[in-house]
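> Just dropping this structure here.
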Amino acid sequence: MKPVINEFPSADGLWSGIRLATDAKVEGAIVVAQGAIRWVGARSALPAEFAGLKPHDGGGALVTPGLVDCHTHLVYGGQRANEFAMRLAGATYEEVAKAGGGIVSSVRATREADEDTLFAQAAPRLEQLLADGVCVIEIKSGYGLSLEHERKQLRVARRLGEAYGVTVRTTFLGAHALPPEYAGRSGDYIDLVCNEMLPALAAEGLVDAVDVFCERIAFSLAETEQVFKAAKALGLPVKLHAEQLSDMGGAALAARYGALSCDHIEHLSAEGIEAMRRSGTVAVLLPGAYYTLRDTHLPPIAALRAAGVPMAVSTDHNPGTSPALSLLLMVNMACTLFRLTVPEALDGVTVHAARALGLQDTHGAIAPGMPANFVLWNVREAAELAYWFGQQPVRAVVRQGRIAIGGNA
Ligand code: DI6
Ligand code: FE
């Protein structure tokens with residue numbers, strides 16, 4: 001596929017006729033130079049030196065930073081609508097997994113697909129997310145579960161980033177599920193993950209962070225720690241699928257390893273929260289999985305808020321528990337299901353989501369020196385981004401310094 005990014009016009013120039021979500025009452029202005037934010041503020045305070053730059057008229061749009069989807073499993077073969085039907089008939093996620101469905105069925109389909117097929121299947125999903133204003137996306141492996149097939153997934157993730165001009169952070173999730181050929185030999189598989197797969201993929205530049213599914217139906221606390229040690233030895237940051245279905249003590253362990261984020265955390269304990277607070281670990285909330293699994297055990301939002309733990313919100317896009325393709329819908333759900341305030345939910349898909357990827361210095365905000373990533377929305381006030389659902393309010397998207405959507409703005 002030819003890179004679509006080459007067709008995007010430059011966003012360099014003076015953006016006016018916009019209202020910054022941080023101060024929506026007055027006209028704002030953004031100066032983009034060589035793809036980066038040069039200046040941002042009230043139009044009335046614009047330094048004279050920028051007044052003559054190429055104009056871009058926002059038509060009164062509200063502007064936020066480009067959205068950051070900090071937890072996805074976007075690259076996989078096939079789909080699992082059949083399991084949706086099984087769950088509707090009463091089966092639990094754990095029962096589906098034990099019956100040979102679940103993650104392992106996506107592993108089969110992913111192993112059968114070649115790189116181009118995986119790319120062709122993931123690309124339209126990525127396009128949906130991008131249409132919602134996403135400018136940064138994390139993509140995990142974890143449906144290959146062998147060196148060859150994990151490599152294939154991560155290479156596709158990198159190719160998607162290059163083709164679409166979107167910042168992709170790759171996360172190695174080799175410890176997602178036990179592959180069938182290792183049944184009953186979990187220790188051997190974790191040795192393979194730590195001693196062969198991770199070092200090889202890291203050496204190929206395919207790994208930005210390392211994740212583990214720490215859960216009764218996946219990997220134990222001790223196995224999780226073994227993977228974290230291997231990651232640390234390679235200088236790679238860690239994150240964790242923690243306390244989604246039960247309290248395994250994973251969050252406290254991850255915090256000890258300075259984890260960027262602990263994700264899901266429906267069953268997070270008070271000790272886990274305190275450990276995350278101390279280590280500055282981001283809590284990533286995934287309302288799409290909560291909703292799909294018809295979960296009723298809410299993550300401890302009030303306690304996280306009281307502790308000052310930054311909360312991010314993400315799609316967790318995956319074929320099993322969250323086939324979600326709209327980050328804005330997750331914003332709505334984070335408010336409706338988890339009772340986040342609108343500013344919390346919007347911070348959750350911008351500044352805190354960037355932090356969950358270690359990108360807080362370059363993404364998740366509109367600030368001088370950062371690459372230009374921002375979204376123009378056809379709404380009057382920021383609360384509308386959480387209030388409507390199923391809407392498509394994007395007017396224009398500036399991504400990596402180019403006008404990726406709404407090119408005549
Ligand atoms: N937690 C999840 O919600 C997904 N992975 C994980 O570790 C589910 C992945 C799947 O069912 O395919
Ligand atoms: Fe996940």
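Residues are named by chain letter and number: chains run A, B, ... in the order of the structure tokens, numbers start at 1 in each chain, and ligands are numbered from 1 in the order shown.
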Could you give me, as a PyMOL selection string, every polymer residue with an atom at most 8 Å away from an atom of ligand 2, counting only C-alpha atoms and all ligand atoms?

chain A and resi 71-73+241+263-264+316-318

> Write a file of the just-selected residues containing all heavy atoms, as a short mmCIF file (atom, residue, chain, number, x, y, z; two decimals), in the first residue's frame.


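Written file, out16.cif:
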```cif
data_model
loop_
_atom_site.label_atom_id
_atom_site.label_comp_id
_atom_site.auth_asym_id
_atom_site.auth_seq_id
_atom_site.Cartn_x
_atom_site.Cartn_y
_atom_site.Cartn_z
N HIS A 71 -3.73 2.02 24.64
CA HIS A 71 -3.80 0.58 24.91
C HIS A 71 -4.66 -0.07 23.83
O HIS A 71 -5.88 0.00 23.89
CB HIS A 71 -4.39 0.35 26.31
CG HIS A 71 -4.57 -1.10 26.69
ND1 HIS A 71 -4.37 -1.56 27.98
CD2 HIS A 71 -4.94 -2.20 25.98
CE1 HIS A 71 -4.61 -2.86 28.04
NE2 HIS A 71 -4.97 -3.27 26.83
N THR A 72 -4.01 -0.66 22.82
CA THR A 72 -4.78 -1.40 21.81
C THR A 72 -4.05 -2.68 21.42
O THR A 72 -2.84 -2.80 21.56
CB THR A 72 -5.04 -0.60 20.50
OG1 THR A 72 -3.94 -0.77 19.60
CG2 THR A 72 -5.29 0.87 20.75
N HIS A 73 -4.85 -3.61 20.94
CA HIS A 73 -4.34 -4.84 20.34
C HIS A 73 -4.85 -4.82 18.89
O HIS A 73 -5.68 -5.63 18.50
CB HIS A 73 -4.90 -6.07 21.06
CG HIS A 73 -4.81 -6.06 22.57
ND1 HIS A 73 -4.01 -6.93 23.27
CD2 HIS A 73 -5.41 -5.29 23.52
CE1 HIS A 73 -4.14 -6.72 24.59
NE2 HIS A 73 -4.99 -5.73 24.76
N HIS A 241 -1.33 -5.57 32.28
CA HIS A 241 -2.76 -5.88 32.38
C HIS A 241 -2.96 -6.40 33.80
O HIS A 241 -2.63 -7.55 34.09
CB HIS A 241 -3.15 -6.99 31.39
CG HIS A 241 -3.36 -6.52 29.98
ND1 HIS A 241 -2.33 -6.13 29.16
CD2 HIS A 241 -4.50 -6.39 29.26
CE1 HIS A 241 -2.84 -5.78 27.98
NE2 HIS A 241 -4.15 -5.92 28.02
N ASP A 263 -3.22 -1.34 33.68
CA ASP A 263 -4.38 -1.19 32.82
C ASP A 263 -5.49 -2.17 33.23
O ASP A 263 -5.19 -3.27 33.68
CB ASP A 263 -3.98 -1.44 31.37
CG ASP A 263 -2.83 -0.52 30.90
OD1 ASP A 263 -1.90 -0.27 31.69
OD2 ASP A 263 -2.88 -0.07 29.75
N HIS A 264 -6.72 -1.73 33.06
CA HIS A 264 -7.96 -2.43 33.48
C HIS A 264 -8.26 -2.09 34.95
O HIS A 264 -9.18 -1.38 35.25
CB HIS A 264 -7.89 -3.96 33.31
CG HIS A 264 -7.97 -4.41 31.90
ND1 HIS A 264 -9.11 -4.33 31.16
CD2 HIS A 264 -7.02 -4.94 31.09
CE1 HIS A 264 -8.88 -4.79 29.94
NE2 HIS A 264 -7.63 -5.16 29.87
N ASP A 316 -8.69 -0.20 24.36
CA ASP A 316 -8.34 -1.62 24.50
C ASP A 316 -8.80 -2.38 23.26
O ASP A 316 -9.21 -3.54 23.36
CB ASP A 316 -8.98 -2.22 25.78
CG ASP A 316 -8.48 -3.63 26.10
OD1 ASP A 316 -7.41 -4.02 25.59
OD2 ASP A 316 -9.17 -4.34 26.85
N HIS A 317 -8.76 -1.74 22.10
CA HIS A 317 -9.32 -2.44 20.94
C HIS A 317 -8.72 -3.84 20.82
O HIS A 317 -7.50 -4.00 20.75
CB HIS A 317 -9.08 -1.68 19.63
CG HIS A 317 -9.59 -2.49 18.47
ND1 HIS A 317 -10.89 -2.40 18.04
CD2 HIS A 317 -9.02 -3.50 17.77
CE1 HIS A 317 -11.09 -3.31 17.10
NE2 HIS A 317 -9.97 -3.99 16.91
N ASN A 318 -9.56 -4.85 20.84
CA ASN A 318 -9.14 -6.24 20.64
C ASN A 318 -10.36 -7.05 20.21
O ASN A 318 -11.50 -6.63 20.43
CB ASN A 318 -8.49 -6.79 21.93
CG ASN A 318 -9.50 -7.15 23.00
OD1 ASN A 318 -10.24 -8.13 22.88
ND2 ASN A 318 -9.58 -6.35 24.05
#
```

> Output as a Markdown table one row per residue of chain A within 7 Å of ligand 1: the closest atom pair and its distance in Å to one decimal place, counting only C-alpha atoms and all ligand atoms, sorted by chain and residue number ascending.


```
| residue | atom | partner | partner_atom_place_in_ligand_line | distance |
| --- | --- | --- | --- | --- |
| A:Gly102 | CA | ligand 1 | 11 (O) | 5.0 |
| A:Ile103 | CA | ligand 1 | 12 (O) | 4.0 |
| A:Ser106 | CA | ligand 1 | 12 (O) | 6.4 |
| A:His176 | CA | ligand 1 | 7 (O) | 5.8 |
| A:Phe213 | CA | ligand 1 | 7 (O) | 4.7 |
| A:His241 | CA | ligand 1 | 7 (O) | 5.8 |
| A:Ala289 | CA | ligand 1 | 3 (O) | 5.9 |
| A:Asp316 | CA | ligand 1 | 3 (O) | 6.8 |
| A:Asn318 | CA | ligand 1 | 12 (O) | 5.6 |
| A:Pro319 | CA | ligand 1 | 12 (O) | 5.2 |
| A:Gly320 | CA | ligand 1 | 11 (O) | 3.5 |
| A:Thr321 | CA | ligand 1 | 11 (O) | 5.1 |
| A:Ser322 | CA | ligand 1 | 3 (O) | 6.9 |
```

> Among region 81-253 of chain A, which residues does DSSP mark as strand (DSSP E) when it is run on the backbone? Keep the chain and numbering as in the structure and answer as a list in words.

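Going through region 81-253 of chain A, the strand (DSSP E) residues come out as Val134, Cys135, Val136, Ile137, Glu138, Ile139, Lys140, Thr167, Val168, Arg169, Thr170, Thr171, Phe172, Leu173, Gly174, Ala175, Ala209, Val210, Asp211, Val212, Phe213, Val238, Lys239, Leu240, His241 and Ala242 of chain A.
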
> Could you please take those selected residues and save N, CA and C atoms as an mmCIF file, in the first residue's frame?


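File written: out07.cif
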```
data_model
loop_
_atom_site.group_PDB
_atom_site.id
_atom_site.type_symbol
_atom_site.label_atom_id
_atom_site.label_comp_id
_atom_site.auth_asym_id
_atom_site.auth_seq_id
_atom_site.Cartn_x
_atom_site.Cartn_y
_atom_site.Cartn_z
ATOM 1 N N VAL A 134 -7.604 10.498 16.670
ATOM 2 C CA VAL A 134 -6.429 9.860 17.281
ATOM 3 C C VAL A 134 -5.168 10.240 16.503
ATOM 4 N N CYS A 135 -4.135 10.654 17.221
ATOM 5 C CA CYS A 135 -2.852 11.018 16.607
ATOM 6 C C CYS A 135 -1.710 10.135 17.091
ATOM 7 N N VAL A 136 -1.914 9.418 18.191
ATOM 8 C CA VAL A 136 -0.908 8.501 18.733
ATOM 9 C C VAL A 136 -1.637 7.226 19.124
ATOM 10 N N ILE A 137 -1.057 6.086 18.782
ATOM 11 C CA ILE A 137 -1.694 4.830 19.161
ATOM 12 C C ILE A 137 -0.639 3.825 19.608
ATOM 13 N N GLU A 138 -0.945 3.159 20.688
ATOM 14 C CA GLU A 138 -0.112 2.050 21.126
ATOM 15 C C GLU A 138 -0.695 0.775 20.534
ATOM 16 N N ILE A 139 0.170 -0.101 20.045
ATOM 17 C CA ILE A 139 -0.280 -1.374 19.476
ATOM 18 C C ILE A 139 0.539 -2.495 20.099
ATOM 19 N N LYS A 140 -0.161 -3.458 20.675
ATOM 20 C CA LYS A 140 0.506 -4.575 21.342
ATOM 21 C C LYS A 140 0.599 -5.770 20.413
ATOM 22 N N THR A 167 1.812 8.405 15.098
ATOM 23 C CA THR A 167 2.818 7.927 16.033
ATOM 24 C C THR A 167 2.349 6.597 16.615
ATOM 25 N N VAL A 168 3.096 5.532 16.354
ATOM 26 C CA VAL A 168 2.771 4.205 16.874
ATOM 27 C C VAL A 168 3.806 3.823 17.915
ATOM 28 N N ARG A 169 3.356 3.434 19.088
ATOM 29 C CA ARG A 169 4.248 2.852 20.098
ATOM 30 C C ARG A 169 3.937 1.360 20.162
ATOM 31 N N THR A 170 4.950 0.554 20.023
ATOM 32 C CA THR A 170 4.743 -0.895 20.025
ATOM 33 C C THR A 170 5.005 -1.459 21.414
ATOM 34 N N THR A 171 4.171 -2.378 21.822
ATOM 35 C CA THR A 171 4.359 -3.054 23.104
ATOM 36 C C THR A 171 4.404 -4.558 22.872
ATOM 37 N N PHE A 172 5.462 -5.186 23.383
ATOM 38 C CA PHE A 172 5.599 -6.639 23.264
ATOM 39 C C PHE A 172 4.795 -7.305 24.375
ATOM 40 N N LEU A 173 3.770 -8.053 23.966
ATOM 41 C CA LEU A 173 2.903 -8.763 24.918
ATOM 42 C C LEU A 173 2.995 -10.265 24.638
ATOM 43 N N GLY A 174 4.231 -10.755 24.550
ATOM 44 C CA GLY A 174 4.415 -12.197 24.337
ATOM 45 C C GLY A 174 3.753 -13.012 25.437
ATOM 46 N N ALA A 175 3.737 -12.462 26.651
ATOM 47 C CA ALA A 175 3.090 -13.149 27.777
ATOM 48 C C ALA A 175 1.626 -12.717 27.873
ATOM 49 N N ALA A 209 7.924 -1.001 24.640
ATOM 50 C CA ALA A 209 7.580 -1.310 26.032
ATOM 51 C C ALA A 209 7.186 -2.783 26.098
ATOM 52 N N VAL A 210 7.088 -3.284 27.324
ATOM 53 C CA VAL A 210 6.784 -4.709 27.541
ATOM 54 C C VAL A 210 5.597 -4.826 28.490
ATOM 55 N N ASP A 211 4.672 -5.698 28.145
ATOM 56 C CA ASP A 211 3.421 -5.861 28.891
ATOM 57 C C ASP A 211 3.225 -7.352 29.178
ATOM 58 N N VAL A 212 2.426 -7.648 30.197
ATOM 59 C CA VAL A 212 2.085 -9.026 30.554
ATOM 60 C C VAL A 212 0.603 -9.044 30.923
ATOM 61 N N PHE A 213 -0.072 -10.140 30.605
ATOM 62 C CA PHE A 213 -1.434 -10.350 31.100
ATOM 63 C C PHE A 213 -1.303 -11.167 32.379
ATOM 64 N N VAL A 238 8.053 -1.060 31.389
ATOM 65 C CA VAL A 238 7.015 -2.088 31.476
ATOM 66 C C VAL A 238 5.651 -1.456 31.748
ATOM 67 N N LYS A 239 4.600 -2.232 31.432
ATOM 68 C CA LYS A 239 3.219 -1.909 31.785
ATOM 69 C C LYS A 239 2.525 -3.230 32.081
ATOM 70 N N LEU A 240 1.311 -3.183 32.591
ATOM 71 C CA LEU A 240 0.704 -4.450 32.996
ATOM 72 C C LEU A 240 -0.806 -4.451 32.824
ATOM 73 N N HIS A 241 -1.331 -5.571 32.276
ATOM 74 C CA HIS A 241 -2.758 -5.882 32.376
ATOM 75 C C HIS A 241 -2.959 -6.396 33.797
ATOM 76 N N ALA A 242 -3.475 -5.538 34.671
ATOM 77 C CA ALA A 242 -3.481 -5.854 36.098
ATOM 78 C C ALA A 242 -4.892 -5.837 36.669
#
```

> With distances taken over only C-alpha atoms, which residue among A:Gly165, A:Ala254, A:Pro300, A:Leu88 lies nearest Pro9 (chain A)?

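Result for the nearest residue to Pro9 (chain A): A:Gly165.
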
> To one decimal in Å, tell me the separation between CA of Ala303 (chain A) and CA of Met330 (chain A).

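CA of Met330 (chain A) lies 20.7 Å from CA of Ala303 (chain A).
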
> I need the residues of region 159-339 of chain A that end up classed as alpha helix (DSSP H) by DSSP on the backbone, written out as JSON, numbers by chain.

{"A": [159, 160, 161, 162, 163, 164, 186, 187, 188, 189, 190, 191, 192, 198, 199, 200, 201, 202, 203, 221, 222, 223, 224, 225, 226, 227, 228, 229, 230, 231, 232, 233, 250, 251, 252, 253, 254, 255, 256, 270, 271, 272, 273, 274, 275, 276, 277, 278, 279, 287, 288, 289, 290, 291, 292, 301, 302, 303, 304, 305, 306, 307, 327, 328, 329, 330, 331, 332, 333, 334, 335, 336]}

> I'd like to know which of A:Gln128, A:Thr296, A:Asn373, A:Asn332 is closest to Arg402 (chain A), using only C-alpha atoms.

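Closest candidate: A:Asn373.
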
> Which residue out of A:Ala42, A:Ala11, A:Leu298, A:Ala120 has the minimum interatomic distance to Ala163 (chain A) when only C-alpha atoms are used?

A:Ala120
